[in-house]
>>> print(open('work-v3.txt').read())   # compact mmCIF, C-alpha atoms
# COMPACT_ATOMS: atom_id res chain seq x y z
CA MET A 1 -28.05 -18.96 -7.02
CA ILE A 2 -25.83 -19.38 -3.94
CA ARG A 3 -27.78 -21.33 -1.34
CA ASP A 4 -26.15 -19.99 1.82
CA LEU A 5 -23.03 -18.46 3.32
CA ASP A 6 -21.66 -21.89 4.19
CA ASP A 7 -20.91 -22.40 0.50
CA LEU A 8 -18.84 -19.20 0.46
CA LYS A 9 -17.06 -20.14 3.70
CA THR A 10 -16.24 -23.54 2.24
CA PHE A 11 -14.80 -21.89 -0.87
CA VAL A 12 -12.58 -19.63 1.27
CA PHE A 13 -11.31 -22.54 3.37
CA VAL A 14 -10.50 -24.61 0.27
CA VAL A 15 -8.49 -21.73 -1.19
CA GLN A 16 -6.59 -21.41 2.09
CA GLU A 17 -6.11 -25.11 2.91
CA ARG A 18 -5.71 -26.53 -0.63
CA ASN A 19 -7.17 -29.78 0.72
CA PHE A 20 -10.77 -31.04 0.85
CA THR A 21 -10.08 -33.38 3.78
CA GLN A 22 -8.66 -30.61 5.98
CA VAL A 23 -11.61 -28.34 5.14
CA ALA A 24 -14.06 -31.12 5.99
CA LEU A 25 -12.43 -31.57 9.40
CA LYS A 26 -12.49 -27.82 10.04
CA LEU A 27 -16.18 -27.52 9.12
CA GLY A 28 -17.27 -30.77 10.73
CA ILE A 29 -18.73 -32.19 7.51
CA THR A 30 -17.76 -34.95 5.09
CA LYS A 31 -15.27 -34.59 2.27
CA ALA A 32 -18.09 -35.36 -0.15
CA ALA A 33 -20.10 -32.45 1.27
CA VAL A 34 -17.17 -30.10 0.67
CA ALA A 35 -16.88 -31.30 -2.93
CA LYS A 36 -20.64 -30.87 -3.42
CA ARG A 37 -20.55 -27.26 -2.18
CA ILE A 38 -17.66 -26.41 -4.49
CA GLN A 39 -19.38 -28.07 -7.44
CA GLY A 40 -22.51 -26.04 -6.66
CA LEU A 41 -20.52 -22.80 -6.77
CA GLU A 42 -18.83 -23.83 -10.02
CA LYS A 43 -22.26 -24.38 -11.52
CA VAL A 44 -23.59 -21.02 -10.24
CA TRP A 45 -20.53 -19.07 -11.40
CA ASN A 46 -20.14 -21.15 -14.58
CA THR A 47 -16.42 -21.65 -14.13
CA GLN A 48 -13.94 -24.17 -12.81
CA LEU A 49 -12.64 -23.07 -9.41
CA PHE A 50 -9.99 -25.68 -8.63
CA TYR A 51 -7.62 -28.11 -10.29
CA ARG A 52 -7.74 -31.39 -8.38
CA ASN A 53 -5.30 -34.27 -8.06
CA THR A 54 -4.76 -37.02 -5.50
CA ARG A 55 -2.57 -34.83 -3.26
CA LYS A 56 -3.89 -31.29 -3.30
CA VAL A 57 -6.33 -28.79 -4.71
CA ILE A 58 -5.04 -25.77 -6.65
CA PRO A 59 -7.18 -22.63 -7.21
CA THR A 60 -7.71 -21.57 -10.81
CA ARG A 61 -7.16 -18.02 -11.99
CA ASP A 62 -10.90 -17.35 -11.63
CA ALA A 63 -10.82 -18.63 -8.04
CA ASP A 64 -7.94 -16.27 -7.23
CA LEU A 65 -9.94 -13.35 -8.65
CA ILE A 66 -13.14 -14.33 -6.81
CA TYR A 67 -11.45 -15.02 -3.46
CA PRO A 68 -10.99 -11.38 -2.22
CA LYS A 69 -14.56 -10.54 -3.25
CA VAL A 70 -15.93 -13.47 -1.26
CA LEU A 71 -13.86 -12.37 1.74
CA THR A 72 -15.44 -8.91 1.45
CA VAL A 73 -18.94 -10.42 1.43
CA LEU A 74 -18.24 -12.53 4.50
CA GLU A 75 -16.68 -9.58 6.33
CA SER A 76 -19.72 -7.43 5.50
CA VAL A 77 -21.96 -10.08 7.01
CA LYS A 78 -19.76 -10.14 10.12
CA ASP A 79 -19.98 -6.34 10.35
CA LEU A 80 -23.77 -6.57 10.15
CA GLU A 81 -23.87 -9.18 12.90
CA ASN A 82 -21.54 -7.15 15.10
CA SER A 83 -23.67 -4.04 14.66
CA PHE A 84 -26.44 -5.78 16.62
CA THR A 85 -24.18 -6.68 19.51
CA SER A 86 -22.52 -4.62 22.21
CA LYS A 87 -19.02 -5.78 21.25
CA ASP A 88 -16.52 -2.93 21.24
CA GLU A 89 -13.50 -5.00 20.17
CA LEU A 90 -12.67 -4.73 16.49
CA GLU A 91 -12.10 -7.89 14.48
CA GLY A 92 -11.97 -9.07 10.89
CA LEU A 93 -9.84 -8.58 7.78
CA LEU A 94 -8.53 -5.21 6.62
CA ARG A 95 -6.97 -5.06 3.14
CA VAL A 96 -4.57 -2.13 2.74
CA THR A 97 -2.42 -1.11 -0.23
CA CYS A 98 0.48 1.31 -0.68
CA VAL A 99 3.74 1.68 -2.61
CA SER A 100 6.85 -0.11 -1.39
CA SER A 101 8.66 3.01 -0.18
CA MET A 102 5.72 3.90 2.10
CA ALA A 103 5.46 0.33 3.39
CA ASN A 104 9.16 0.25 4.22
CA ASN A 105 9.30 3.67 5.86
CA PHE A 106 6.13 4.08 7.89
CA ILE A 107 3.04 2.09 6.89
CA SER A 108 4.31 -1.31 8.10
CA GLU A 109 5.24 0.15 11.48
CA ILE A 110 1.91 1.95 11.84
CA THR A 111 -0.06 -1.20 10.99
CA GLN A 112 1.95 -3.09 13.60
CA LYS A 113 1.04 -0.51 16.25
CA PHE A 114 -2.60 -0.67 15.17
CA GLN A 115 -2.67 -4.44 15.54
CA GLU A 116 -1.12 -4.22 19.00
CA LYS A 117 -4.18 -2.18 20.01
CA ASN A 118 -6.58 -4.34 17.97
CA PRO A 119 -5.21 -7.92 18.10
CA LYS A 120 -8.26 -9.47 16.43
CA ILE A 121 -7.78 -7.42 13.27
CA THR A 122 -6.01 -9.22 10.42
CA ILE A 123 -4.26 -6.81 8.06
CA GLN A 124 -3.34 -7.84 4.54
CA LEU A 125 -0.83 -5.26 3.27
CA ILE A 126 -0.69 -5.28 -0.52
CA VAL A 127 2.55 -3.58 -1.52
CA THR A 128 2.74 -2.55 -5.16
CA ASP A 129 3.84 0.45 -7.18
CA SER A 130 0.92 -0.19 -9.54
CA LEU A 131 -2.27 1.82 -9.07
CA LEU A 132 -4.85 -0.78 -8.07
CA ASP A 133 -8.60 -0.35 -8.48
CA LEU A 134 -9.76 -0.54 -4.87
CA MET A 135 -13.29 -1.63 -5.73
CA GLU A 136 -12.22 -4.19 -8.33
CA GLU A 137 -9.59 -5.67 -5.99
CA SER A 138 -11.84 -5.50 -2.89
CA ILE A 139 -9.33 -3.34 -1.03
CA ASP A 140 -10.52 -1.41 2.01
CA ILE A 141 -7.84 1.28 2.31
CA GLY A 142 -5.32 2.79 -0.07
CA ILE A 143 -2.52 5.26 0.69
CA ARG A 144 -2.01 7.38 -2.41
CA VAL A 145 0.00 10.37 -3.61
CA GLY A 146 -1.81 12.98 -5.72
CA MET A 147 -3.09 16.51 -6.05
CA GLU A 148 -6.65 15.43 -5.25
CA VAL A 149 -8.74 12.39 -4.39
CA PRO A 150 -9.58 10.26 -7.47
CA SER A 151 -13.19 10.02 -8.57
CA GLY A 152 -15.13 7.24 -6.86
CA LEU A 153 -13.05 7.39 -3.69
CA ILE A 154 -13.38 9.14 -0.34
CA GLY A 155 -10.12 10.64 0.88
CA LEU A 156 -8.52 12.17 3.92
CA GLU A 157 -5.30 14.19 3.59
CA LEU A 158 -2.45 12.81 5.71
CA PHE A 159 0.36 15.24 4.86
CA ALA A 160 1.96 17.24 2.05
CA ASN A 161 4.38 15.27 -0.11
CA ARG A 162 7.44 17.48 0.34
CA ILE A 163 10.38 16.73 -1.98
CA SER A 164 13.90 17.10 -0.56
CA LEU A 165 17.33 17.37 -2.16
CA VAL A 166 20.13 15.59 -0.30
CA VAL A 167 23.65 14.26 -0.79
CA SER A 168 25.89 11.95 1.18
CA PRO A 169 28.58 13.61 3.34
CA GLU A 170 31.25 12.06 1.12
CA TYR A 171 29.61 13.46 -2.00
CA GLU A 172 29.41 16.91 -0.41
CA ARG A 173 33.15 16.81 0.42
CA THR A 174 34.33 15.61 -2.98
CA HIS A 175 32.13 17.57 -5.41
CA PRO A 176 31.65 21.25 -6.26
CA LYS A 177 29.47 23.14 -3.80
CA ILE A 178 25.79 23.50 -4.72
CA VAL A 179 24.44 26.95 -3.84
CA SER A 180 21.72 27.44 -6.49
CA PRO A 181 19.54 25.23 -8.70
CA GLU A 182 21.71 26.10 -11.74
CA ASP A 183 24.65 24.38 -10.04
CA LEU A 184 22.82 21.05 -10.37
CA LYS A 185 23.55 20.99 -14.11
CA SER A 186 27.07 19.74 -13.40
CA HIS A 187 25.94 17.01 -11.00
CA ASN A 188 24.48 13.55 -11.46
CA LEU A 189 20.80 13.68 -10.39
CA LEU A 190 18.86 10.77 -8.92
CA TYR A 191 15.07 11.17 -9.12
CA LEU A 192 11.85 9.64 -10.38
CA ASP A 193 10.72 10.90 -13.79
CA LEU A 194 7.37 11.97 -12.39
CA HIS A 195 9.16 14.72 -10.41
CA LYS A 196 10.80 16.22 -13.48
CA GLU A 197 8.38 19.15 -13.84
CA LEU A 198 8.59 20.32 -10.21
CA ARG A 199 9.83 23.91 -9.84
CA PHE A 200 12.27 25.45 -7.42
CA SER A 201 10.84 28.11 -5.09
CA GLY A 202 11.90 31.65 -6.02
CA THR A 203 12.86 30.68 -9.57
CA ASN A 204 11.25 29.78 -12.88
CA LEU A 205 13.38 26.66 -13.15
CA SER A 206 12.05 23.11 -13.11
CA LEU A 207 14.03 20.07 -12.06
CA GLY A 208 14.13 18.90 -15.66
CA GLU A 209 15.61 22.21 -16.80
CA VAL A 210 18.61 21.88 -14.49
CA THR A 211 19.21 18.23 -15.30
CA GLY A 212 22.51 17.93 -17.12
CA LYS A 213 23.45 14.39 -16.17
CA ARG A 214 21.58 11.26 -15.11
CA ASN A 215 23.60 8.06 -15.34
CA PHE A 216 21.17 6.02 -13.24
CA LEU A 217 17.44 6.01 -13.99
CA SER A 218 14.91 3.92 -12.11
CA ASN A 219 11.21 3.79 -11.27
CA ASP A 220 12.12 2.20 -7.92
CA ALA A 221 12.51 4.78 -5.16
CA SER A 222 14.54 2.51 -2.87
CA SER A 223 17.13 1.95 -5.59
CA LEU A 224 17.55 5.70 -5.98
CA VAL A 225 17.94 6.11 -2.21
CA GLN A 226 20.63 3.43 -2.13
CA MET A 227 22.55 5.18 -4.92
CA GLY A 228 22.31 8.46 -3.00
CA LEU A 229 23.59 6.84 0.19
CA LYS A 230 26.56 5.48 -1.76
CA GLY A 231 27.45 8.98 -2.93
CA LYS A 232 26.56 8.42 -6.58
CA GLY A 233 24.77 11.75 -7.05
CA VAL A 234 22.24 14.28 -5.75
CA LEU A 235 19.19 12.45 -4.45
CA ILE A 236 15.74 14.04 -4.90
CA ARG A 237 13.07 12.15 -2.95
CA SER A 238 9.96 12.50 -0.80
CA PHE A 239 11.00 13.57 2.70
CA TRP A 240 9.48 10.51 4.38
CA ASP A 241 11.77 8.29 2.32
CA ILE A 242 14.99 9.94 3.49
CA ASP A 243 14.39 11.77 6.81
CA GLU A 244 15.68 8.86 8.87
CA HIS A 245 18.95 8.91 6.91
CA VAL A 246 19.20 12.68 7.40
CA GLU A 247 18.69 12.30 11.16
CA LYS A 248 21.49 9.70 11.28
CA GLY A 249 23.82 11.95 9.28
CA ASN A 250 23.98 9.59 6.31
CA LEU A 251 22.45 12.26 4.04
CA VAL A 252 22.77 16.06 4.12
CA PRO A 253 20.06 18.48 2.90
CA ILE A 254 21.07 21.01 0.25
CA LEU A 255 19.45 24.05 -1.44
CA ASN A 256 17.33 24.85 1.61
CA ASP A 257 16.80 28.36 0.20
CA TYR A 258 15.37 26.94 -3.03
CA PRO A 259 13.01 24.12 -2.03
CA LEU A 260 11.15 22.19 -4.70
CA GLU A 261 7.38 22.55 -4.72
CA ASN A 262 5.42 19.74 -3.11
CA PHE A 263 4.49 16.80 -5.30
CA GLY A 264 0.84 16.69 -4.30
CA LYS A 265 -0.32 15.23 -1.00
CA VAL A 266 -0.45 11.84 0.63
CA TRP A 267 -4.03 10.65 1.09
CA VAL A 268 -5.74 7.73 2.77
CA VAL A 269 -8.61 6.70 0.50
CA HIS A 270 -11.42 4.15 0.47
CA PRO A 271 -14.26 3.35 -1.95
CA ASN A 272 -17.43 5.44 -1.65
CA HIS A 273 -19.77 2.81 -3.10
CA ARG A 274 -20.48 1.31 0.30
CA ALA A 275 -20.56 2.48 3.89
CA PRO A 276 -17.12 1.86 5.40
CA SER A 277 -16.94 -0.61 8.26
CA LYS A 278 -16.04 0.48 11.75
CA ARG A 279 -12.58 -1.07 11.46
CA VAL A 280 -11.92 0.92 8.25
CA MET A 281 -12.84 4.18 9.95
CA VAL A 282 -10.86 3.39 13.10
CA PHE A 283 -7.78 2.45 11.06
CA ARG A 284 -8.14 5.58 8.91
CA ASN A 285 -8.29 7.80 11.98
CA PHE A 286 -5.36 5.96 13.58
CA LEU A 287 -3.31 6.45 10.40
CA GLU A 288 -4.13 10.17 10.36
CA SER A 289 -3.10 10.54 14.01
CA GLU A 290 0.16 8.61 13.60
CA CYS A 291 1.16 10.51 10.45
CA GLY A 292 0.37 13.82 12.12
CA PHE A 293 2.60 12.87 15.06
CA ARG A 294 5.44 11.53 12.90
CA PHE A 295 5.50 14.26 10.32
CA ASN A 296 4.54 17.19 12.58
CA GLN A 297 1.53 18.22 10.52
>>> encode(input="work-v3.txt", output="structure tokens")
Amino acid sequence: MIRDLDDLKTFVFVVQERNFTQVALKLGITKAAVAKRIQGLEKVWNTQLFYRNTRKVIPTRDADLIYPKVLTVLESVKDLENSFTSKDELEGLLRVTCVSSMANNFISEITQKFQEKNPKITIQLIVTDSLLDLMEESIDIGIRVGMEVPSGLIGLELFANRISLVVSPEYERTHPKIVSPEDLKSHNLLYLDLHKELRFSGTNLSLGEVTGKRNFLSNDASSLVQMGLKGKGVLIRSFWDIDEHVEKGNLVPILNDYPLENFGKVWVVHPNHRAPSKRVMVFRNFLESECGFRFNQ
């Protein structure tokens, strides 16, 4: 079994420093003591944690997988210690994940504002379009799009995921006017496949049913936005991904009388298997407030 938290702290420092000597200096112990602690963990976990050579130490795949879980354990201990003190200042690590389009358009800016108010909080923003298992990856907060909160998670609705149709001013000038969803059949459409079944208000038509041409397909939202800005077709995207371009006049809304139905909602979620830390709850509430202000919810 693990003897004490110092073993876990040593493991974390070795992953970060990649050098036993530097870790020894940081901890105020000998290099041999560092090696002994790591060897003890390798014996307990029955796996090799690091590849060693004369210059540096490289974490194995198992070490990379264990690392975020060890960070979570150490942060939980810190939360416990802080709960018995009168400290009001938040500190520690907060692991947050979202898709790239959210990170680029509002999450990165919101996290920056949060850190300005809470300078001792370290935020690790994990940007991926893959759906990560928050518990398996030891992630504190996820920002997700969906109709409802997935099982095993606690969620708070941030805003409705409204889908907008826009074109560049040049495209609007040089192509036939679009006054109804049926008119889209003669235009090149730029959208994510997952939006294909959305229906137009006041009609029985879905986006897929009025799709006559698509010469550029992508699962990357930013690539679609760039094509729309270049006048390559009608862009269909979540409003938060394009509103800034609309405000600047780089994109023009169309079919305002026939809006597409919302594609679910945007949620902030966290695992329900453990009580959330104070910093998780404060960040969640800050995110809700900022999104409400930005998106006029």
>>> atom_distance(input="work-v3.txt", atom1="CA of Val145 (chain A)", atom2="CA of Ile126 (chain A)")
16.0 Å
>>> atom_distance(input="work-v3.txt", atom1="CA of Tyr191 (chain A)", atom2="CA of Phe216 (chain A)")
9.0 Å
>>> axis_aligned_box(input="work-v3.txt", around="region 190-198 of chain A", padding_each_side="4 Å", output="lines of an AutoDock Vina configuration file")
center_x = 13.1
center_y = 15.0
center_z = -11.4
size_x = 19.5
size_y = 18.7
size_z = 12.9
>>> closest_residue(input="work-v3.txt", among="A:Met135, A:Val70, A:Val266, A:Leu190", to="Lys230 (chain A)", atoms="all atoms listed in the file")
A:Leu190
>>> closest_residue(input="work-v3.txt", among="A:Gly152, A:Gly146, A:Pro259, A:Gly249", to="Ser164 (chain A)", atoms="all atoms listed in the file")
A:Pro259
>>> closest_residue(input="work-v3.txt", among="A:Val57, A:Leu287, A:Phe239, A:Asp220", to="Gln112 (chain A)", atoms="all atoms listed in the file")
A:Leu287
>>> residues_around(input="work-v3.txt", residues="region 91-101 of chain A", least_positions_apart="5", cutoff="6 Å", atoms="only C-alpha atoms", output="MDAnalysis selection string")
chainID A and resid 120:129 139:143
>>> closest_residue(input="work-v3.txt", among="A:Phe11, A:Phe159, A:Phe263, A:Tyr258", to="Ile38 (chain A)", atoms="only C-alpha atoms")
A:Phe11
>>> residues_around(input="work-v3.txt", residues="Ile110 (chain A)", least_positions_apart="2", cutoff="9 Å", atoms="only C-alpha atoms", output="MDAnalysis selection string")
chainID A and resid 106:108 112:115 286:287 290:291
>>> atom_distance(input="work-v3.txt", atom1="CA of Asn262 (chain A)", atom2="CA of Ile154 (chain A)")
21.8 Å
